[in-house]
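Student: Pasting a structure below so you can have a look.
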Amino acid sequence: MKGVYVEDVGAHEGSEVTVRGWVYNKRSSGKLQFILLRDGTGIIQCVAFKGNFSPEQFEALDRLTQESSVEITGKVRKDSRARGGYELDVTGFNIIQVTENYPITPKEHGTAFLMENRHLWLRSSRQHAILRIRHEVIKACRDYFDDLGFILVDTPIFTPNACEGTTTLFQTEYFDQTAYLTQSGQLYNEATAAAFGKVYCFGPTFRAERSKTRRHLMEFWMVEPEVAFATLDDIMDLAEGLICSVIERVLMRRKAELETLERNLAPLEGIARPFPRVSYDEAVEKMQKAGSEIQWGGDFGGGDETILSEQYTSPVMVHRYPAAVKAFYMQPDPVRQELALCVDMLAPEGYGEIIGGGERIHDHDLLLKRLKDHNLSTEPFQWYLDLRKYGTVPHAGFGMGIERVVSWICGLSHLREAIAFPRMLYRIYP
RNA sequence: UCCUCAGUAGCUCAAUGGUAGAGCAUUCGGCUGUUAACCGAAGGGUUGUAGGUUCGAGUCCUACCUGAGGAGCCA
């Protein structure tokens with residue numbers, strides 16, 4: 001018999017179907033057995049009555065353990081007592097494997113143990129909810145840009161040089177050369193933006209920083225739009241629209257998952273355009289008033305970001321940081337040369353920076369000067385300088401960290417649950 | 001890289017310097033409606049590693065290993 005997914009079982013009420021999956025949990029009471037079967041789309045309780053089976057068959061069912069793989073055939077029955085609304089009255093089954101000593105039990109476990117068993121932890125309903133929301137976030141991002149006429153042009157993962165120079169890169173062999181794993185698609189995005197007008201890339205990003213916090217991964221996913229002729233205000237509008245679109249979409253389609261995670265929906269539902277836009281100057285002032293030690297000219301610490309974002313219900317956009325604390329390619333503010341035309345978006349509830357971007361330098365000579373100021377070799381950047389020689393235009397873009405957004409939307413206490421297999425400072429297994 | 005804390009049964013945790021314990025998981029038995037089912041029984045240990053103090057160390061001291069939390073940097 002063809003298999004039916006648990007999420008579709010309701011459509012077959014009264015008829016016999018086969019569901020295929022893994023035993024989530026089991027309870028028995030002498031002549032009755034309750035098998036919770038999980039198939040990835042949902043969980044359904046399968047009820048087996050002793051009188052309907054031979055003693056050998058019933059005993060075989062009784063021997064099923066947690067995460068045993070099995071196909072169960074039964075009649076679909078609506079039942080108000082059941083979690084998903086339906087139960088299966090078991091008429092037959094085919095045991096594929098009886099699992100022995102499954103390490104993750106229904107009781108509590110520590111993080112270290114669960115991370116060691118991440119490949120199995122993914123089967124739990126909590127991880128299931130998070131990764132389904134991640135999927136929705138990614139799809140919402142793609143749809144948002146696609147609907148605005150953006151072209152997806154993915155950028156390389158192997159790169160010959162540093163994109164930003166400041167952060168550490170993972171180095172690898174590339175036959176006879178040295179290559180680095182990308183830490184941003186932005187530079188290549190600038191080339192494709194000059195080809196297609198408005199583009200985005202969506203891929204993994206690698207940072208070899210020895211960061212050990214709840215906000216960092218060594219490998220994470222980033223969506224980066226880049227738009228020719230765009231100004232700082234344009235991309236702030238774009239970023240605001242993206243976040244609203246993502247939040248709206250998750251609230252509409254993944255409410256059940258948010259409830260599984262016991263996420264308080266009010267802060268998400270309260271997010272509305274326009275997001276507050278605060279200059280770096282104002283932000284520093286507000287932080288100092290709220291008790292921060294920050295001085296003008298410095299970058300914000302995690303605590304500073306929280307102090308500022310706590311003053312708003314929507315994400316806040318901080319623009320025009322001092323150029324000195326930002327990357328070499330940032331366009332200076334024509335009004336105040338010491339400032340960069342850049343923006344960081346800080347998520348509410350203490351989740352910190354989720355977006356960073358700005359206008360890029362489009363003047364050839366200024367860019368060349370900045371490369372030299374940052375002690376970067378100009379040779380690997382020839383192609384990048386070319387973009388300023390052949391029809392240069394003002395342009396801007398930003399990057400959004402997927403795991404940080406997922407983490408915020410799900411209300412997670414650590415980024416590691418927002419990706420299936422997190423790469424962290426001291427953990428690369430499994 | 002720096003600071004703090006923690007390593008005891010497969011897992012989560014107890015145990016004043018004085019006989020190594022419980023719940024879950026596993027195995028066996030009981031129960032026709034269980035929802036982390038419940039009830040009864042059993043097996044399961046070089047207390048992270050190496051030294052040291054002591055009549056006696058899971059407990060105190062030193063070093064190392066592993067993990068967790070935080071800082072800096074960033075998305």
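In the structure tokens, chains take letters A, B, ... by order of appearance, with residues numbered from 1 within each chain and ligands from 1 in the order shown.
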Show me a table, sorted first by chain and then by increasing residue number, of the residues of chain A having an atom at most 6 Å from chain B, each with its shortest atom pair and the distance in Å to one decimal, counting only C-alpha atoms (C1' of nucleotides) and written as JSON lines.

Tutor:
{"residue": "A:Ser29", "atom": "CA", "partner": "B:C31", "partner_atom": "C1'", "distance": 5.3}
{"residue": "A:Gly30", "atom": "CA", "partner": "B:C31", "partner_atom": "C1'", "distance": 5.3}
{"residue": "A:Lys31", "atom": "CA", "partner": "B:U32", "partner_atom": "C1'", "distance": 5.6}
{"residue": "A:Leu32", "atom": "CA", "partner": "B:U32", "partner_atom": "C1'", "distance": 5.7}
{"residue": "A:Pro106", "atom": "CA", "partner": "B:A36", "partner_atom": "C1'", "distance": 6.0}
{"residue": "A:Lys107", "atom": "CA", "partner": "B:C24", "partner_atom": "C1'", "distance": 5.9}
{"residue": "A:Glu108", "atom": "CA", "partner": "B:U12", "partner_atom": "C1'", "distance": 6.0}
{"residue": "A:Ile354", "atom": "CA", "partner": "B:A75", "partner_atom": "C1'", "distance": 5.8}
{"residue": "A:Gly401", "atom": "CA", "partner": "B:A75", "partner_atom": "C1'", "distance": 4.4}

Student: Given the selection you just returned, output its residues as a file containing C-alpha atoms, formatted as a PDB file, in the first residue's frame.

Tutor:
ATOM      1  CA  SER A  29      -1.691  -1.211  28.964  1.00  0.00           C
ATOM      2  CA  GLY A  30      -1.882  -4.960  28.723  1.00  0.00           C
ATOM      3  CA  LYS A  31      -4.290  -5.473  25.889  1.00  0.00           C
ATOM      4  CA  LEU A  32      -3.801  -2.052  24.272  1.00  0.00           C
ATOM      5  CA  PRO A 106      12.078  11.721  26.896  1.00  0.00           C
ATOM      6  CA  LYS A 107      13.757  13.223  29.972  1.00  0.00           C
ATOM      7  CA  GLU A 108      15.929  16.317  30.098  1.00  0.00           C
ATOM      8  CA  ILE A 354      20.872  41.242  12.320  1.00  0.00           C
ATOM      9  CA  GLY A 401      22.409  36.854   8.992  1.00  0.00           C
TER      10      GLY A 401
END

Student: Per DSSP on the backbone, filter region 247-313 of chain A down to the residues in helix (DSSP H, G or I) and report them as a PyMOL selection string.

Tutor: chain A and resi 247-253+255-260+266-269+280-289+302-309

Student: As an NGL selection string, please: the residues near G52 (chain B) (cut-off 12 Å, only C-alpha atoms (C1' of nucleotides), same-chain neighbours under 2 positions excluded).

Tutor: :B and (50 or 54 or 57 or 60-63)

Student: So how far away is CA of Leu37 (chain A) from CA of Val19 (chain A), in Å?

Tutor: 8.2 Å

Student: Excluding Phe398 (chain A) and residues on its chain fewer than 3 positions from it, collect all residues at most 8 Å away from it, counting only C-alpha atoms (C1' of nucleotides), and give them as a PyMOL selection string.

Tutor: chain A and resi 224-226+235+239+355-358

Student: Next, dump the selected residues to file, keeping only N, CA and C atoms, as a CSV table (one decimal), in the first residue's frame.

Tutor:
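Result file follows (selection-v4.csv):
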chain,number,residue,atom,x,y,z
A,224,GLU,N,22.3,38.6,0.9
A,224,GLU,CA,23.0,40.0,0.6
A,224,GLU,C,22.4,40.6,-0.7
A,225,PRO,N,21.6,41.6,-0.6
A,225,PRO,CA,21.2,42.3,-1.8
A,225,PRO,C,22.1,43.4,-2.1
A,226,GLU,N,22.3,43.8,-3.4
A,226,GLU,CA,23.1,44.9,-3.8
A,226,GLU,C,22.4,45.6,-4.9
A,235,ILE,N,18.3,51.6,0.8
A,235,ILE,CA,18.5,50.2,1.3
A,235,ILE,C,18.0,50.1,2.7
A,239,ALA,N,15.6,47.0,3.6
A,239,ALA,CA,15.9,46.2,4.8
A,239,ALA,C,14.6,46.1,5.7
A,355,ILE,N,21.4,42.9,10.7
A,355,ILE,CA,21.7,43.4,9.3
A,355,ILE,C,22.8,44.5,9.4
A,356,GLY,N,23.7,44.5,8.4
A,356,GLY,CA,24.7,45.5,8.3
A,356,GLY,C,24.9,45.8,6.8
A,357,GLY,N,25.0,47.1,6.5
A,357,GLY,CA,25.2,47.5,5.1
A,357,GLY,C,25.4,48.9,4.9
A,358,GLY,N,25.3,49.4,3.7
A,358,GLY,CA,25.5,50.8,3.4
A,358,GLY,C,25.9,51.1,2.0

Student: Would you return as number ranges by chain the members of region 136-235 of chain A that DSSP assigns to strand (DSSP E) on this structure's backbone?

Tutor: A: 151-152, 158-159, 171-174, 177-181, 198-206, 219-228

Student: Tell me, as an MDAnalysis selection string, which residues lie within 12 Å of Gly397 (chain A), counting only C-alpha atoms (C1' of nucleotides); anything in the same chain fewer than 6 positions away does not count.

Tutor: chainID A and resid 184:190 193 197:201 223:239 329:331 341:344 355:361

Student: Skip Trp408 (chain A) itself and residues of its chain fewer than 4 positions away, then list as a short mmCIF file (atom, residue, chain, number, x, y, z; two decimals) with N, CA, C and O atoms, in the first residue's frame all residues within 7 Å of it, counting only C-alpha atoms (C1' of nucleotides).

Tutor:
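around-v3.cif was written with the following content:
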data_model
loop_
_atom_site.label_atom_id
_atom_site.label_comp_id
_atom_site.auth_asym_id
_atom_site.auth_seq_id
_atom_site.Cartn_x
_atom_site.Cartn_y
_atom_site.Cartn_z
N TYR A 351 18.47 40.88 20.94
CA TYR A 351 19.07 39.98 19.96
C TYR A 351 20.18 40.62 19.13
O TYR A 351 20.90 39.93 18.41
N ARG A 404 20.73 34.55 12.93
CA ARG A 404 20.38 35.56 13.93
C ARG A 404 18.90 35.92 13.85
O ARG A 404 18.25 36.12 14.86
N LEU A 412 15.26 32.01 20.64
CA LEU A 412 16.27 31.07 21.12
C LEU A 412 17.29 31.78 22.00
O LEU A 412 17.53 32.97 21.84
#

Student: Could you tell me how far CA of Thr91 (chain A) sits from CA of Phe49 (chain A), in Å to one decimal place?

Tutor: 9.1 Å

Student: I'd like the interatomic distance between CA of Ile307 (chain A) and CA of Gly241 (chain A), to a tenth of an Å.

Tutor: 24.2 Å

Student: Hey, what's within 12 Å of G21 (chain B) if we count only C-alpha atoms (C1' of nucleotides) and toss same-chain stuff fewer than 3 positions away? As a PyMOL selection string, please?

Tutor: chain B and resi 8-9+13-15+45
